[in-house]
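Step one of this worksheet: look at the structure below.
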Amino acid sequence: MIKFLDLYKINERHRKEIDERIKKVLDSGWYLLGKENDEFCNNFAKFCGAKYAVGVANGLDALKLAIMALGFKNGDEILVPSNTYIASILAISECDCKPVLVEPDINTYNINHALIEAKITDKTKAVLVVHLYGQAVDMTNIKAVAEKYNLKIIEDAAQAHGASHKGIKTGNLGDIAGFSFYPGKNLGCLGDGGAVTTNNEELYNKVKALRNYGSHKKYENLYIGLNSRLDEIQAAVLDVKLKYLNNDNDYRRKIAKYYIENIKNEKIILPNYNDEHVYHIFAVRTEKRDELQNYLKENGIETLIHYPIPPHKQVCYKGILGDSYPISEEIHRTILSMPISPVITMEEAENVVKVLNNY
């Protein structure tokens with residue numbers, strides 16, 4: 001079986017370094033908000049080209065903390081793509097703001113900038129862009145609209161570590177950004193983890209307090225905050241793996257380019273190739289998605305669906321987000337994710353292509 005993602009192989013490449021760093025943490029006797037966290041956050045901020053990074057407990061909290069730091073009020077509206085993973089929308093709801101869905105571009109799966117302006121009201125405070133599947137959103141027009149209407153730009157970069165737009169990396173394309181380090185991400189830890197990046201010192205200091213019960217100083221609380229801290233072991237693991245992220249992303253691009261150049265099947269719609277895309281997910285579309293998935297499984301190839309149910313059709317949002325988003329529904333109905341990772345072999349990639357071409 002060609003696995004969709006082999007996490008053991010991904011982490012085993014760095015086993016010796018990871019073991020050494022974990023031992024260092026254990027021997028230190030300091031397990032939260034210590035040197036490992038500071039070192040990783042400094043290195044990750046530099047990697048993104050941002051001034052600041054704050055380690056937090058997970059990607060959802062990263063987005064929540066970003067929204068909390070911006071100080072929006074109950075009922076304020078935040079625009080968000082209609083085909084994103086549910087966490088992007090949950091973060092808005094949990095901050096008592098109103099998510100307003102915007103359809104994606106069918107060719108990139110990212111938010112369609114041409115549809116944003118029509119969704120803006122006097123309650124709109126921000127656009128939450130999602131760099132879905134590892135492709136950075138084209139920010140040129142979005143920044144122009146945000147400036148015109150005095151909107152903040154929040155990045156959901158959970159799937160796009162190292163992706164860039166016109167040479168500027170995600171995490172440095174808006175006012176504030178949230179990352180996830182869930183194990184399956186391009187940069188993943190050994191559990192849950194996340195980070196917030198920004199170039200704004202005031203937002204940085206506020207997020208640092210908010211993730212620690214709203215406190216900079218023990219027992220003195222400036223804000224109503226969360227307990228959302230990236231622990232020292234996860235920070236140490238991430239710091240080891242960060243050194244290899246550019247090479248891993250380059251290899252993902254190599255596999256993606258091979259797929260795009262060699263899959264020749266009229267039943268399958270391929271993504272576009274982009275040198276700035278980091279291909280967290282290699283998603284194809286086909287009318288008979290379930291049939292194709294079963295065919296691939298029968299031929300020893302594991303695939304996943306990102307995502308089978310659009311947010312507006314989830315039970316928790318029934319009647320809240322609107323009833324009809326045809327482009328999003330089309331994507332969710334036809335999308336299928338192929339195996340892609342830093343440890344898939346070219347021989348395995350060739351087999352994926354062969355099987356798809358025989359479908």
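In the structure tokens, the first chain shown is A, the next is B, and so on; residue numbers restart at 1 for each chain, and ligands run from 1 in the order shown.
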| Could you name the residues that touch range 193-199 of chain A at 8 Å or less, counting only C-alpha atoms, but leaving out those on the same chain fewer than 2 positions away, as a ChimeraX atom specification? | /A:45,50-59,61-63,65-66,171-172,174-182,189,191,201,203-204,207,230,234
| request: Excluding Ala118 in chain A and residues on its chain fewer than 2 positions from it, collect all residues at most 12 Å away from it, counting only C-alpha atoms, and give them as a list of chain:residue names. | output: A:Leu79, A:Val100, A:Leu101, A:Val102, A:Glu103, A:Asn112, A:His113, A:Ala114, A:Leu115, A:Ile116, A:Ile120, A:Thr121, A:Asp122, A:Thr124, A:Val145, A:Tyr149
Grab the residues selected above and save them as a short mmCIF file (atom, residue, chain, number, x, y, z; two decimals), in the first residue's frame with N, CA, C and O atoms.
data_model
loop_
_atom_site.label_atom_id
_atom_site.label_comp_id
_atom_site.auth_asym_id
_atom_site.auth_seq_id
_atom_site.Cartn_x
_atom_site.Cartn_y
_atom_site.Cartn_z
N LEU A 79 -14.85 38.10 6.77
CA LEU A 79 -15.02 37.34 5.54
C LEU A 79 -14.06 36.16 5.53
O LEU A 79 -12.90 36.27 5.95
N VAL A 100 -18.68 35.41 7.44
CA VAL A 100 -19.40 35.67 6.19
C VAL A 100 -18.64 34.96 5.08
O VAL A 100 -17.48 35.27 4.80
N LEU A 101 -19.30 33.99 4.45
CA LEU A 101 -18.62 33.12 3.50
C LEU A 101 -18.50 33.77 2.11
O LEU A 101 -19.43 34.40 1.62
N VAL A 102 -17.33 33.56 1.52
CA VAL A 102 -17.04 34.04 0.16
C VAL A 102 -16.60 32.84 -0.67
O VAL A 102 -15.74 32.06 -0.23
N GLU A 103 -17.16 32.68 -1.84
CA GLU A 103 -16.83 31.54 -2.69
C GLU A 103 -15.36 31.58 -3.15
O GLU A 103 -14.78 32.66 -3.30
N ASN A 112 -11.91 33.90 -3.75
CA ASN A 112 -11.99 34.66 -5.00
C ASN A 112 -12.03 36.15 -4.66
O ASN A 112 -13.04 36.66 -4.17
N HIS A 113 -10.95 36.84 -4.96
CA HIS A 113 -10.85 38.26 -4.57
C HIS A 113 -11.93 39.10 -5.24
O HIS A 113 -12.36 40.12 -4.70
N ALA A 114 -12.39 38.68 -6.42
CA ALA A 114 -13.38 39.46 -7.15
C ALA A 114 -14.74 39.47 -6.47
O ALA A 114 -15.60 40.31 -6.78
N LEU A 115 -14.97 38.55 -5.53
CA LEU A 115 -16.26 38.44 -4.85
C LEU A 115 -16.26 39.08 -3.47
O LEU A 115 -17.31 39.14 -2.82
N ILE A 116 -15.12 39.56 -3.04
CA ILE A 116 -15.00 40.07 -1.67
C ILE A 116 -15.78 41.36 -1.46
O ILE A 116 -16.55 41.51 -0.49
N ILE A 120 -18.95 43.06 1.66
CA ILE A 120 -18.56 44.00 2.72
C ILE A 120 -19.76 44.85 3.16
O ILE A 120 -20.51 45.37 2.33
N THR A 121 -19.93 44.93 4.48
CA THR A 121 -20.96 45.80 5.06
C THR A 121 -20.29 46.74 6.07
O THR A 121 -19.07 46.69 6.27
N ASP A 122 -21.10 47.54 6.74
CA ASP A 122 -20.52 48.45 7.73
C ASP A 122 -20.05 47.71 8.99
O ASP A 122 -19.39 48.30 9.85
N THR A 124 -18.23 44.80 8.63
CA THR A 124 -17.08 44.00 8.22
C THR A 124 -15.79 44.60 8.78
O THR A 124 -15.53 45.79 8.60
N VAL A 145 -8.39 46.01 -1.57
CA VAL A 145 -9.74 46.10 -1.02
C VAL A 145 -9.69 46.35 0.49
O VAL A 145 -10.45 47.17 1.02
N TYR A 149 -11.32 49.70 2.45
CA TYR A 149 -12.38 49.61 3.45
C TYR A 149 -11.85 49.52 4.88
O TYR A 149 -12.62 49.25 5.80
#
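One distance worth recording is that between CA of Asp96 in chain A and CA of Gly71 in chain A, which is 11.1 Å.
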| said: Here is a test: counting only C-alpha atoms, which residue of A:Cys41, A:Ala136, A:Ala256, A:Cys48 is nearest to Ile344 in chain A? | reply: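 Checking each candidate against Ile344 in chain A, we get A:Ala256 as the closest.
Nearest to Glu20 in chain A of all the residues A:Tyr317, A:Ala158, A:Ile233, A:Ile301 is A:Ile233, based on only C-alpha atoms.
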| said: Please compute the CA of Ser228 in chain A-CA of Glu94 in chain A distance, one decimal, in Å. | reply: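 Interatomic distance here is 14.7 Å.
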| query | Which of these, A:Asn274, A:Ser324, A:Asn42, A:Gln293, has the shortest distance to Leu336 in chain A once you count only C-alpha atoms? | reply | A:Gln293
| message | Which of range 49-230 of chain A end up as strand (DSSP E or B) when DSSP is run on this backbone - answer as a PyMOL selection string? | response | chain A and resi 52-56+77-81+98-102+104+111+124-130+152-156+164-165+168-169+176-180+194-198+212+215-217+220-221+227
| query | Which residues, written as a list in words, have at least one atom at most 12 Å from Ile86 in chain A, with only C-alpha atoms counted and residues fewer than 5 positions away on the same chain left out? | reply |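 Here the qualifying residues turn out to be Gly59, Leu60, Leu63, Val80, Pro81, Ala91, Ile92, Ser93, Pro99, Leu101, Val130, Asp156, His306, Tyr307, Pro308, Ile309, Pro310, Pro311, His312, Lys313, Gln314, Val315, Cys316, Tyr317 and Leu321 of chain A.
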I need the residues from that last selection saved to file as a compact mmCIF listing (two decimals), in the first residue's frame (with N, CA, C and O atoms), if you can.
# COMPACT_ATOMS: atom_id res chain seq x y z
N GLY A 59 -3.51 25.02 16.03
CA GLY A 59 -3.84 25.94 14.96
C GLY A 59 -5.14 26.70 15.18
O GLY A 59 -5.24 27.88 14.82
N LEU A 60 -6.15 26.04 15.74
CA LEU A 60 -7.41 26.73 16.03
C LEU A 60 -7.19 27.86 17.02
O LEU A 60 -7.67 28.99 16.82
N LEU A 63 -5.61 30.97 15.43
CA LEU A 63 -6.56 31.87 14.77
C LEU A 63 -7.41 32.62 15.78
O LEU A 63 -7.68 33.82 15.63
N VAL A 80 -14.54 35.01 5.03
CA VAL A 80 -13.75 33.78 5.07
C VAL A 80 -14.20 32.91 3.90
O VAL A 80 -15.38 32.92 3.53
N PRO A 81 -13.30 32.15 3.28
CA PRO A 81 -13.72 31.32 2.14
C PRO A 81 -14.69 30.21 2.53
O PRO A 81 -14.60 29.63 3.62
N ALA A 91 -13.02 29.51 14.60
CA ALA A 91 -12.24 30.56 15.28
C ALA A 91 -13.01 31.87 15.31
O ALA A 91 -13.01 32.60 16.32
N ILE A 92 -13.68 32.18 14.21
CA ILE A 92 -14.47 33.41 14.13
C ILE A 92 -15.66 33.34 15.09
O ILE A 92 -15.91 34.26 15.87
N SER A 93 -16.38 32.22 15.03
CA SER A 93 -17.56 32.06 15.88
C SER A 93 -17.20 32.10 17.36
O SER A 93 -17.92 32.70 18.17
N PRO A 99 -19.01 34.89 10.89
CA PRO A 99 -18.35 34.49 9.64
C PRO A 99 -19.24 34.77 8.44
O PRO A 99 -20.43 34.42 8.44
N LEU A 101 -19.30 33.99 4.45
CA LEU A 101 -18.62 33.12 3.50
C LEU A 101 -18.50 33.77 2.11
O LEU A 101 -19.43 34.40 1.62
N VAL A 130 -7.36 32.02 3.60
CA VAL A 130 -6.87 30.68 3.91
C VAL A 130 -5.99 30.22 2.75
O VAL A 130 -6.45 30.12 1.61
N ASP A 156 -4.84 32.41 7.57
CA ASP A 156 -4.85 31.04 8.04
C ASP A 156 -3.81 30.30 7.20
O ASP A 156 -4.05 29.93 6.05
N HIS A 306 -10.35 16.01 1.19
CA HIS A 306 -10.25 17.29 1.90
C HIS A 306 -11.16 18.33 1.21
O HIS A 306 -10.73 19.02 0.32
N TYR A 307 -12.41 18.44 1.56
CA TYR A 307 -13.13 17.86 2.69
C TYR A 307 -14.47 17.39 2.17
O TYR A 307 -15.01 18.00 1.24
N PRO A 308 -15.07 16.35 2.72
CA PRO A 308 -16.30 15.80 2.14
C PRO A 308 -17.54 16.67 2.33
O PRO A 308 -18.44 16.64 1.50
N ILE A 309 -17.60 17.44 3.42
CA ILE A 309 -18.81 18.24 3.72
C ILE A 309 -18.42 19.71 3.83
O ILE A 309 -17.59 20.08 4.67
N PRO A 310 -19.03 20.60 3.03
CA PRO A 310 -18.70 22.03 3.14
C PRO A 310 -19.21 22.59 4.46
O PRO A 310 -20.18 22.10 5.04
N PRO A 311 -18.57 23.63 4.96
CA PRO A 311 -18.93 24.19 6.27
C PRO A 311 -20.40 24.56 6.41
O PRO A 311 -21.01 24.31 7.46
N HIS A 312 -21.00 25.13 5.37
CA HIS A 312 -22.39 25.58 5.50
C HIS A 312 -23.38 24.42 5.58
O HIS A 312 -24.54 24.63 5.91
N LYS A 313 -22.91 23.21 5.29
CA LYS A 313 -23.77 22.03 5.40
C LYS A 313 -23.49 21.22 6.67
O LYS A 313 -24.10 20.17 6.89
N GLN A 314 -22.57 21.69 7.51
CA GLN A 314 -22.34 21.03 8.79
C GLN A 314 -23.51 21.30 9.74
O GLN A 314 -24.06 22.41 9.74
N VAL A 315 -23.84 20.32 10.54
CA VAL A 315 -25.00 20.45 11.45
C VAL A 315 -24.84 21.67 12.36
O VAL A 315 -25.81 22.41 12.62
N CYS A 316 -23.63 21.90 12.84
CA CYS A 316 -23.42 22.99 13.81
C CYS A 316 -23.68 24.37 13.20
O CYS A 316 -23.90 25.34 13.93
N TYR A 317 -23.64 24.48 11.87
CA TYR A 317 -23.83 25.78 11.21
C TYR A 317 -25.11 25.82 10.36
O TYR A 317 -25.28 26.73 9.55
N LEU A 321 -24.86 30.02 8.10
CA LEU A 321 -23.88 30.50 7.12
C LEU A 321 -24.45 30.72 5.73
O LEU A 321 -23.73 31.15 4.83
| said: To test your reading of the structure, identify every residue in range 25-225 of chain A that backbone DSSP assigns to helix (DSSP H, G or I), and report it as a VMD selection string. | reply: chain A and resid 25 to 28 35 to 48 59 to 70 86 to 94 113 to 115 117 to 119 132 to 134 140 to 148 201 to 210
| message | Taking only C-alpha atoms into account, name the residue in A:Tyr8, A:Pro271, A:Met1, A:Leu33 that is nearest to Asn227 in chain A. | response | A:Leu33
| field | Close residues, Thr170 in chain A itself excluded, 7 Å, only C-alpha atoms, min 6 positions apart in chain, as a PyMOL selection string | value | chain A and resi 48+136+157+160-164
| task | Tell me, as a list of chain:residue names, which residues lie within 12 Å of Leu7 in chain A, counting only C-alpha atoms; anything in the same chain fewer than 5 positions away does not count. | result | A:Glu12, A:Arg13, A:His14, A:Tyr182, A:Pro183, A:Gly184, A:Lys185, A:Asn186, A:Leu187, A:Gly188, A:Cys189, A:Leu190, A:Gly191, A:Ile340, A:Ser341, A:Pro342, A:Val343, A:Ile344
Produce a file of the selected residues containing N, CA, C and O atoms, as a compact mmCIF listing (two decimals), in the first residue's frame.
# COMPACT_ATOMS: atom_id res chain seq x y z
N GLU A 12 11.30 9.73 11.46
CA GLU A 12 12.45 8.84 11.67
C GLU A 12 13.72 9.40 11.03
O GLU A 12 14.83 9.14 11.50
N ARG A 13 13.56 10.19 9.97
CA ARG A 13 14.73 10.81 9.32
C ARG A 13 15.54 11.66 10.29
O ARG A 13 16.75 11.85 10.11
N HIS A 14 14.87 12.21 11.30
CA HIS A 14 15.51 13.15 12.23
C HIS A 14 15.56 12.58 13.65
O HIS A 14 15.69 13.33 14.61
N TYR A 182 0.08 20.58 13.56
CA TYR A 182 -0.49 19.23 13.63
C TYR A 182 0.47 18.27 12.92
O TYR A 182 1.12 18.66 11.93
N PRO A 183 0.62 17.04 13.40
CA PRO A 183 1.66 16.14 12.88
C PRO A 183 1.72 15.99 11.36
O PRO A 183 2.79 15.81 10.79
N GLY A 184 0.56 16.08 10.68
CA GLY A 184 0.55 15.87 9.24
C GLY A 184 0.90 17.09 8.42
O GLY A 184 0.97 17.01 7.19
N LYS A 185 1.15 18.24 9.05
CA LYS A 185 1.47 19.46 8.29
C LYS A 185 2.87 19.38 7.69
O LYS A 185 3.69 18.55 8.08
N ASN A 186 3.16 20.29 6.77
CA ASN A 186 4.52 20.33 6.19
C ASN A 186 5.57 20.51 7.28
O ASN A 186 6.67 19.98 7.17
N LEU A 187 5.25 21.29 8.30
CA LEU A 187 6.06 21.36 9.52
C LEU A 187 5.16 20.91 10.66
O LEU A 187 4.28 21.64 11.11
N GLY A 188 5.36 19.67 11.09
CA GLY A 188 4.49 19.09 12.10
C GLY A 188 5.25 18.65 13.33
O GLY A 188 6.41 18.21 13.23
N CYS A 189 4.63 18.75 14.48
CA CYS A 189 5.26 18.30 15.72
C CYS A 189 4.79 16.89 16.05
O CYS A 189 4.29 16.17 15.18
N LEU A 190 4.95 16.47 17.29
CA LEU A 190 4.57 15.12 17.71
C LEU A 190 3.30 15.13 18.54
O LEU A 190 3.10 14.31 19.43
N GLY A 191 2.44 16.08 18.25
CA GLY A 191 1.17 16.24 18.94
C GLY A 191 0.51 17.48 18.37
O GLY A 191 0.62 17.75 17.18
N ILE A 340 1.28 12.55 -1.29
CA ILE A 340 2.41 13.46 -1.51
C ILE A 340 3.05 13.76 -0.17
O ILE A 340 2.34 14.02 0.82
N SER A 341 4.36 13.68 -0.10
CA SER A 341 5.07 13.91 1.16
C SER A 341 6.56 13.92 0.88
O SER A 341 6.99 13.57 -0.23
N PRO A 342 7.37 14.29 1.87
CA PRO A 342 8.83 14.26 1.67
C PRO A 342 9.41 12.86 1.60
O PRO A 342 10.58 12.70 1.27
N VAL A 343 8.59 11.83 1.93
CA VAL A 343 9.15 10.47 1.97
C VAL A 343 8.51 9.54 0.93
O VAL A 343 8.87 8.37 0.87
N ILE A 344 7.59 10.03 0.12
CA ILE A 344 7.11 9.20 -0.98
C ILE A 344 8.25 9.06 -1.99
O ILE A 344 8.97 10.03 -2.26
| remark: From the list A:Leu296, A:Lys206, A:Met68, A:Ile78, the nearest residue to Cys95 in chain A using only C-alpha atoms is A:Met68
| Could you state the separation of CA of Met139 in chain A and CA of Asn107 in chain A in Å, given to one decimal place? |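 Distance between the two atoms: 15.8 Å.
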| field | Tyr31 in chain A environment, 9 Å, only C-alpha atoms, sequence neighbours closer than 6 positions dropped, as a VMD selection string | value | chain A and resid 25 231 to 233
Just-selected residues, all heavy atoms written as a CSV table (one decimal), in the first residue's frame:
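selection.csv was written with the following content:
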chain,number,residue,atom,x,y,z
A,25,VAL,N,15.5,18.8,26.9
A,25,VAL,CA,14.3,19.4,27.6
A,25,VAL,C,14.1,18.7,28.9
A,25,VAL,O,13.9,19.3,30.0
A,25,VAL,CB,13.0,19.3,26.7
A,25,VAL,CG1,11.8,19.8,27.5
A,25,VAL,CG2,13.2,20.2,25.5
A,231,ASP,N,4.3,23.6,24.2
A,231,ASP,CA,5.2,23.1,25.3
A,231,ASP,C,6.7,23.0,24.7
A,231,ASP,O,6.9,23.0,23.5
A,231,ASP,CB,4.7,21.8,25.9
A,231,ASP,CG,4.8,20.6,24.9
A,231,ASP,OD1,5.9,20.2,24.6
A,231,ASP,OD2,3.7,20.1,24.5
A,232,GLU,N,7.6,22.9,25.7
A,232,GLU,CA,9.0,22.9,25.3
A,232,GLU,C,9.4,21.7,24.5
A,232,GLU,O,10.3,21.8,23.6
A,232,GLU,CB,9.9,22.9,26.6
A,232,GLU,CG,9.8,24.2,27.4
A,232,GLU,CD,10.6,25.3,26.6
A,232,GLU,OE1,11.8,25.4,26.8
A,232,GLU,OE2,10.0,26.0,25.9
A,233,ILE,N,8.8,20.5,24.7
A,233,ILE,CA,9.2,19.4,23.9
A,233,ILE,C,8.8,19.6,22.4
A,233,ILE,O,9.5,19.3,21.5
A,233,ILE,CB,8.6,18.1,24.5
A,233,ILE,CG1,9.4,17.7,25.7
A,233,ILE,CG2,8.7,16.9,23.5
A,233,ILE,CD1,8.8,16.5,26.4
| said: For Leu210 in chain A, find every residue with an atom within 8 Å (counting only C-alpha atoms), except residues of its own chain fewer than 2 positions away, and show them as a list of chain:residue names. | reply: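 Selected residues are A:Leu65, A:Ala69, A:Lys206, A:Val207, A:Lys208, A:Asn212, A:Tyr213, A:Gly214, A:Ser215, A:Tyr223, A:Ile224, A:Gly225, A:Leu226.
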Keeping only N, CA, C and O atoms, write those residues as a compact mmCIF listing (two decimals), in the first residue's frame.
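For reference, part-v5.txt as written:
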# COMPACT_ATOMS: atom_id res chain seq x y z
N LEU A 65 -6.64 33.44 18.84
CA LEU A 65 -5.81 34.45 19.50
C LEU A 65 -5.53 35.63 18.58
O LEU A 65 -5.48 36.79 19.04
N ALA A 69 -6.73 39.29 19.61
CA ALA A 69 -5.75 40.38 19.73
C ALA A 69 -6.18 41.62 18.94
O ALA A 69 -5.85 42.75 19.32
N LYS A 206 0.25 41.36 22.92
CA LYS A 206 -1.09 41.00 23.36
C LYS A 206 -1.31 39.49 23.23
O LYS A 206 -1.87 38.86 24.14
N VAL A 207 -0.87 38.92 22.10
CA VAL A 207 -1.01 37.47 21.92
C VAL A 207 -0.19 36.71 22.97
O VAL A 207 -0.65 35.69 23.51
N LYS A 208 1.00 37.19 23.28
CA LYS A 208 1.82 36.54 24.31
C LYS A 208 1.09 36.46 25.64
O LYS A 208 1.18 35.46 26.36
N ASN A 212 -1.50 33.00 27.63
CA ASN A 212 -1.08 32.62 28.97
C ASN A 212 -2.02 33.23 30.01
O ASN A 212 -1.61 34.01 30.86
N TYR A 213 -3.32 32.92 29.89
CA TYR A 213 -4.35 33.41 30.80
C TYR A 213 -4.52 34.93 30.77
O TYR A 213 -5.05 35.52 31.71
N GLY A 214 -4.04 35.58 29.72
CA GLY A 214 -4.12 37.03 29.64
C GLY A 214 -3.09 37.73 30.50
O GLY A 214 -3.25 38.90 30.87
N SER A 215 -1.99 37.02 30.78
CA SER A 215 -1.02 37.52 31.75
C SER A 215 0.40 37.59 31.20
O SER A 215 0.88 36.65 30.55
N TYR A 223 -5.93 40.63 30.45
CA TYR A 223 -7.01 40.28 29.53
C TYR A 223 -7.69 38.98 29.99
O TYR A 223 -7.13 38.23 30.78
N ILE A 224 -8.87 38.74 29.45
CA ILE A 224 -9.51 37.44 29.60
C ILE A 224 -8.90 36.53 28.54
O ILE A 224 -9.26 36.61 27.36
N GLY A 225 -7.96 35.71 28.94
CA GLY A 225 -7.18 34.95 27.98
C GLY A 225 -7.45 33.46 27.98
O GLY A 225 -8.44 32.98 28.53
N LEU A 226 -6.56 32.72 27.35
CA LEU A 226 -6.64 31.27 27.23
C LEU A 226 -5.42 30.62 27.88
O LEU A 226 -4.42 31.29 28.15
| message | Taking only C-alpha atoms into account, name the residue in A:Ile18, A:Val278, A:Ile154, A:Ile260 that is nearest to Gly134 in chain A. | response |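 Ranked by minimum distance to Gly134 in chain A, first place goes to A:Val278.
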